[in-house]
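Colleague: Here it is: the structure, laid out below.
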Amino acid sequence: MLNQAQSGSFNIPQITYHHLKLTNGTKVWAGNTTTINGNLIYTDVSIDGASSAPFSTVNIAGDLTSNGALTNPPIANSYTFICTSNGTQTLSGNGNQFNLFRLQTTGTSTVVLSDNSGGTTLQLGNASGGGFSLGAGSTLVLNNNSVSTVSSTNSAFAAATTGVIRGSANANLTINSAATAVGTMYMDQTTPGTTNVLKNLTYNCTNASSNLILGNQLQIAGILTHTDGALTTGGNLVLKATSGTLYGQIAGSGSGTISGNVISQYTITGGGIGWRPICSPLNGATLAQLSDDMNLDFGSLSAASANTYYFDESAVPYWNRASGTSATMDSRSYSIYMGGSAAWANPLPLTMDITGTYAGTADYTVNGLSRTGSITDTTGWQVIRNPWPSGFMWDGTTATVDDVNNVQGQQVWVFNQSDSSYTVYDNATQGVIPPFTPFTVKVVSNNTDLTFKNSARNTDSLSNFFSKTGFENYLELKVTGPTGKTDAVKWYTHPQATNGYDIYDGTKKLNTGAPNMYFMLEGQKASKEVWNTIPTENEPVFIHFFAKNAGKHTINFATENMAPGVKVVLEDLVTGKKHPVNSKPYEFTYEANSTQARFVLHFTQTITSAKEPQTANNATQIGCNGSEVTVIINKAGSFDATVFDLLGRTVANTQTVHGNGQLNTLNLNGLAAGYYLLQVKGNGVITTEKVYIK
């Protein structure tokens with residue numbers, strides 16, 4: 001093996017090598033072609049190439065290995081790398097990235113990116129072109145590595161590229177392009193679901209006319225991010241489910257178009273026997289898309305055997321049998337019986353797939369939602385489809401839906417497929433609604449139109465986001481039953497709420513298989529009760545409770561932003577016990593069929609004097625009138641005043657305040673209403689006080 005180990009800059013002689021090792025300094029490939037019949041090794045070296053035509057090309061029949069530190073050439077000087085073997089050639093970066101102009105194969109070689117020692121990242125192309133040129137019969141094996149292309153007005157996939165890419169569930173591919181025709185990409189179909197899989201595909205295109213074509217099936221196990229241009233699927237794009245919580249998604253960003261059919265998969269792993277709400281994440285689907293994955297019975301022989309229903313608030317009865325496999329999934333969601341042991345009851349786990357077209361990144365509007373049902377507990381309830389192959393985050397604000405004040409309690413109910421129970425998301429507890437999962441809202445008025453925002457789409461699988469600020473006198477009670485299933489109620493105050501049932505109160509949707517805790521407000525079951533004021537001692541707040549399973553239950557408490565002097569006690573009407581909510585969890589035993597009027601919340605409020613400063617010698621005074629914060633420090637010097645939210649995050653630039661008894665006024669414009677922490681620090685003084693900004 002020839003070892004070129006010169007220091008400084010050295011021009012590599014353009015001869016034919018058997019094996020070549022390049023070490024130390026900067027090694028420069030000559031213009032035109034250098035041939036290596038064996039292996040090429042980089043060791044602690046900087047590589048460069050010709051900066052003008054003729055540009056550098058390396059023909060290699062063996063492996064490329066990088067040891068130690070590697071500095072790639074400037075992108076404009078990157079070189080073409082041609083694999084000439086008909087066998088296997090390995091590129092081992094050992095934690096380094098290779099920057100090449102073009103990766104090309106002339107034979108039927110299998111080019112393998114090694115996973116060893118941090119893997120092998122590959123960047124292809126420059127502004128003049130480059131990218132992939134995989135000849136017929138050749139394969140690029142990504143393993144668990146990432147490959148990207150540099151944006152160019154020339155195709156990322158050369159016309160001669162009929163070779164294939166072998167992916168994996170952990171491999172990532174990023175196509176950056178400014179070309180009109182990006183090219184056609186082929187995946188290895190040797191083992192569908194394994195060799196034709198990518199974790200993430202990112203298609204960043206700056207040319208709105210660009211078109212990337214899928215030449216055969218590509219399965220996405222993670223996220224397809226598509227910013228602009230056209231992606232033509234040819235029916236070859238599959239969003240692959242790998243578990244009940246991991247599934248392929250399309251991000252809601254960008255303005256590009258996806259034409260052709262998409263196949264989306266979703267897996268339900270367990271949760272017991274029962275009815276499961278299902279909707280389509282793609283347009284144009286019918287129930288026929290599900291009939292090859294599960295048993296659908298429409299009651300043609302006996303109404304009692306039907307296992308596929310849809311909900312209609314205005315009808316009596318409000319659950320109706322689906323008409324057959326031709327029934328649309330565009331405007332309806334369905335409840336299907338699953339989880340039994342017999343074939344007709346659809347045993348779990350079960351993976352379903354739906355074929356249809358992608359709706360794109362426009363907002364989703366549902367028109368004419370009714371509130372005419374004659375059955376009290378279901379009046380105004382509407383089951384809404386998640387129309388996207390991605391999650392949809394509900395936060396109970398106009399960031400999610402345009403007319404949120406026409407949604408009772410600003411809340412949605414989502415069925416958790418993993419434990420067969422409903423979860424409620426609202427403006428206090430935010431969460432992501434997965435694809436294939438419809439959500440239930442209760443509209444306030446008849447003939448309501450709701451528009452759900454594409455900008456609220458989220459690709460975090462089954463993520464929950466919890467707000468910790470912004471609600472005054474917030475109290476949450478979460479009950480856990482003997483089987484581990486939970487339910488919760490929330491109580492807080494709002495300056496525009498009334499102390500009776502109104503738009504701010506959240507309606508309760510009962511969970512048949514879980515504990516159920518709820519308020520009773522003017523005959524309405526409520527999971528969230530919002531008052532205008534703190535209840536007086538003569539205004540008890542009743543909480544009802546019942547459960548499927550008898551035995552020991554535990555209530556955990558969470559409080560936030562309680563006004564000074566407010567104390568809350570939970571009274572158990574069965575045992576007579578009274579339990580402060582700011583102490584340890586409360587345990588109680590539930591007996592089947594016992595009274596549902598089980599608990600009472602008692603509020604008391606005492607007037608308290610101003611809080612003593614928390615620093616020695618009462619040297620610092622912090623005040624807030626709801627719109628501005630004042631600071632007085634009796635000690636001499638200058639001090640830093642920093643504002644944090646209740647999660648400890650800095651939310652305003654640190655300001656300088658001055659001592660010697662000077663009155664300092666802090667400008668906190670731009671902060672949302674809620675509680676914050678103000679810390680004053682310096683010269684031996686450190687004080688932290690909670691302040692409320694209106």
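Identifiers for the structure tokens are assigned positionally: chains receive A, B, ... in sequence, residues are indexed from 1 per chain, and ligands are indexed from 1 in the order shown.
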I'd like the neighbourhood of A:Ala641 as a list in words, where a residue qualifies if any of its atoms comes within 8 Å (using only C-alpha atoms), though same-chain residues fewer than 2 positions away should be ignored.

Modeller: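 Selected residues are Phe639, Val643, Thr654, Gln655, Thr656, Val657, Leu678, Gln679, Val680 and Lys681 of chain A.
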
Colleague: Would you output that residue set with C-alpha atoms, as a PDB file, in the first residue's frame?

Modeller:
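Output file part-v1.pdb is given in full below:
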```
ATOM      1  CA  PHE A 639     -28.896  44.091  40.735  1.00  0.00           C
ATOM      2  CA  VAL A 643     -38.395  36.734  34.997  1.00  0.00           C
ATOM      3  CA  THR A 654     -32.694  40.365  32.381  1.00  0.00           C
ATOM      4  CA  GLN A 655     -33.066  44.006  33.495  1.00  0.00           C
ATOM      5  CA  THR A 656     -30.862  46.062  35.820  1.00  0.00           C
ATOM      6  CA  VAL A 657     -32.436  47.520  38.956  1.00  0.00           C
ATOM      7  CA  LEU A 678     -39.240  37.372  39.518  1.00  0.00           C
ATOM      8  CA  GLN A 679     -35.724  36.835  40.790  1.00  0.00           C
ATOM      9  CA  VAL A 680     -33.565  39.753  42.026  1.00  0.00           C
ATOM     10  CA  LYS A 681     -29.898  38.850  42.452  1.00  0.00           C
TER      11      LYS A 681
END
```

Colleague: At a cut-off of 8 Å, using only C-alpha atoms, what residues contact stretch 34-50 of chain A? Leave out same-chain residues fewer than 4 positions from it and give the result as a ChimeraX atom specification.

Modeller: /A:14-30,54-74,77-79

Colleague: May I have all residues of stretch 335-497 of chain A that DSSP, computed from the backbone, assigns to helix (DSSP H, G or I), given as a PyMOL selection string?

Modeller: chain A and resi 343-345+376-378+404-406+408-410+454-456

Colleague: Please list as number ranges by chain every residue within 8 Å of stretch 180-189 of chain A, counting only C-alpha atoms and excluding residues in the same chain fewer than 6 positions away.

Modeller: A: 139, 153-159, 161-167, 195-196, 207, 209-218

Colleague: Nearest residue to A:Ser109 out of A:Asn582, A:Glu591, A:Leu663, A:Gly87, using only C-alpha atoms?

Modeller: A:Gly87

Colleague: Near stretch 227-242 of chain A, within 7 Å and counting only C-alpha atoms, which residues show up once chain neighbours fewer than 2 positions away are dropped, as number ranges by chain?

Modeller: A: 203-214, 216-221, 225, 246-249, 253-267

Colleague: What's the separation between atom CA of A:Leu301 and atom CA of A:Asp353, in Å to one decimal place?

Modeller: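 Straight-line distance from atom CA of A:Leu301 to atom CA of A:Asp353 works out to 26.8 Å.
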
Colleague: Separation of atom CA of A:Arg457 and atom CA of A:Gly391, in Å?

Modeller: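 One can read the atom CA of A:Arg457 to atom CA of A:Gly391 distance as 5.6 Å.
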
Colleague: Identify, on the basis of only C-alpha atoms, every residue whose closest approach to A:Ser445 does not exceed 10 Å; exclude the query and any residue fewer than 6 positions from it along the same chain; express the result as number ranges by chain.

Modeller: A: 369-372, 380, 406-408

Colleague: With only C-alpha atoms as the counted atoms, please give the residues lying no more than 6 Å from A:Ile250, apart from itself and same-chain residues fewer than 3 positions off, as a PyMOL selection string.

Modeller: chain A and resi 223-224+389-390

Colleague: Keeping only N, CA and C atoms, take the residues you just selected and write them out as an mmCIF file, in the first residue's frame.

Modeller:
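Listed below is the output, result-v5.cif:
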```cif
data_model
loop_
_atom_site.group_PDB
_atom_site.id
_atom_site.type_symbol
_atom_site.label_atom_id
_atom_site.label_comp_id
_atom_site.auth_asym_id
_atom_site.auth_seq_id
_atom_site.Cartn_x
_atom_site.Cartn_y
_atom_site.Cartn_z
ATOM 1 N N ILE A 223 -41.210 10.258 9.495
ATOM 2 C CA ILE A 223 -41.907 11.456 9.030
ATOM 3 C C ILE A 223 -41.456 11.810 7.615
ATOM 4 N N LEU A 224 -42.428 12.051 6.749
ATOM 5 C CA LEU A 224 -42.179 12.641 5.433
ATOM 6 C C LEU A 224 -42.398 14.139 5.562
ATOM 7 N N PRO A 389 -52.758 12.422 7.845
ATOM 8 C CA PRO A 389 -51.889 11.324 8.282
ATOM 9 C C PRO A 389 -50.792 11.838 9.211
ATOM 10 N N SER A 390 -51.225 12.539 10.247
ATOM 11 C CA SER A 390 -50.319 13.069 11.269
ATOM 12 C C SER A 390 -51.148 13.360 12.499
#
```

Colleague: Excluding A:Ala597 and its own-chain neighbours fewer than 2 positions away, which residues fall within 12 Å of it when counting only C-alpha atoms? Please give them as a list in words.

Modeller: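 Skipping anything fewer than 2 positions along the chain leaves Asn516, Met517, Tyr518, Phe519, Met520, Lys525, Val541, Phe542, Ile543, His544, Phe545, Phe546, Glu571, Asp572, Leu573, Val574, Asn593, Ser594, Thr595, Phe599, Val600 and Leu601 of chain A.
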
Colleague: Report, in Å to a single decimal, how far apart atom CA of A:Lys199 and atom CA of A:Ser333 are.

Modeller: 28.9 Å

Colleague: Closest to A:Ile375 among A:Thr174, A:Ser314, A:Asp487, A:Thr559, using only C-alpha atoms?

Modeller: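 Of A:Thr174, A:Ser314, A:Asp487, A:Thr559, the one nearest A:Ile375 is A:Ser314, counting only C-alpha atoms.
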
Colleague: Rank A:Leu100, A:Ala53, A:Val366, A:Val432 by their smallest atom-to-atom distance to A:Thr121, using only C-alpha atoms, and report the top residue only.

Modeller: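 Of the candidates, the smallest distance to A:Thr121 is held by A:Leu100.
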
Colleague: Counting only C-alpha atoms, which residue out of A:Gly129, A:Gly368, A:Gly551, A:Pro540 sits closest to A:Glu587?

Modeller: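 Nearest candidate to A:Glu587 out of A:Gly129, A:Gly368, A:Gly551, A:Pro540: A:Gly551.
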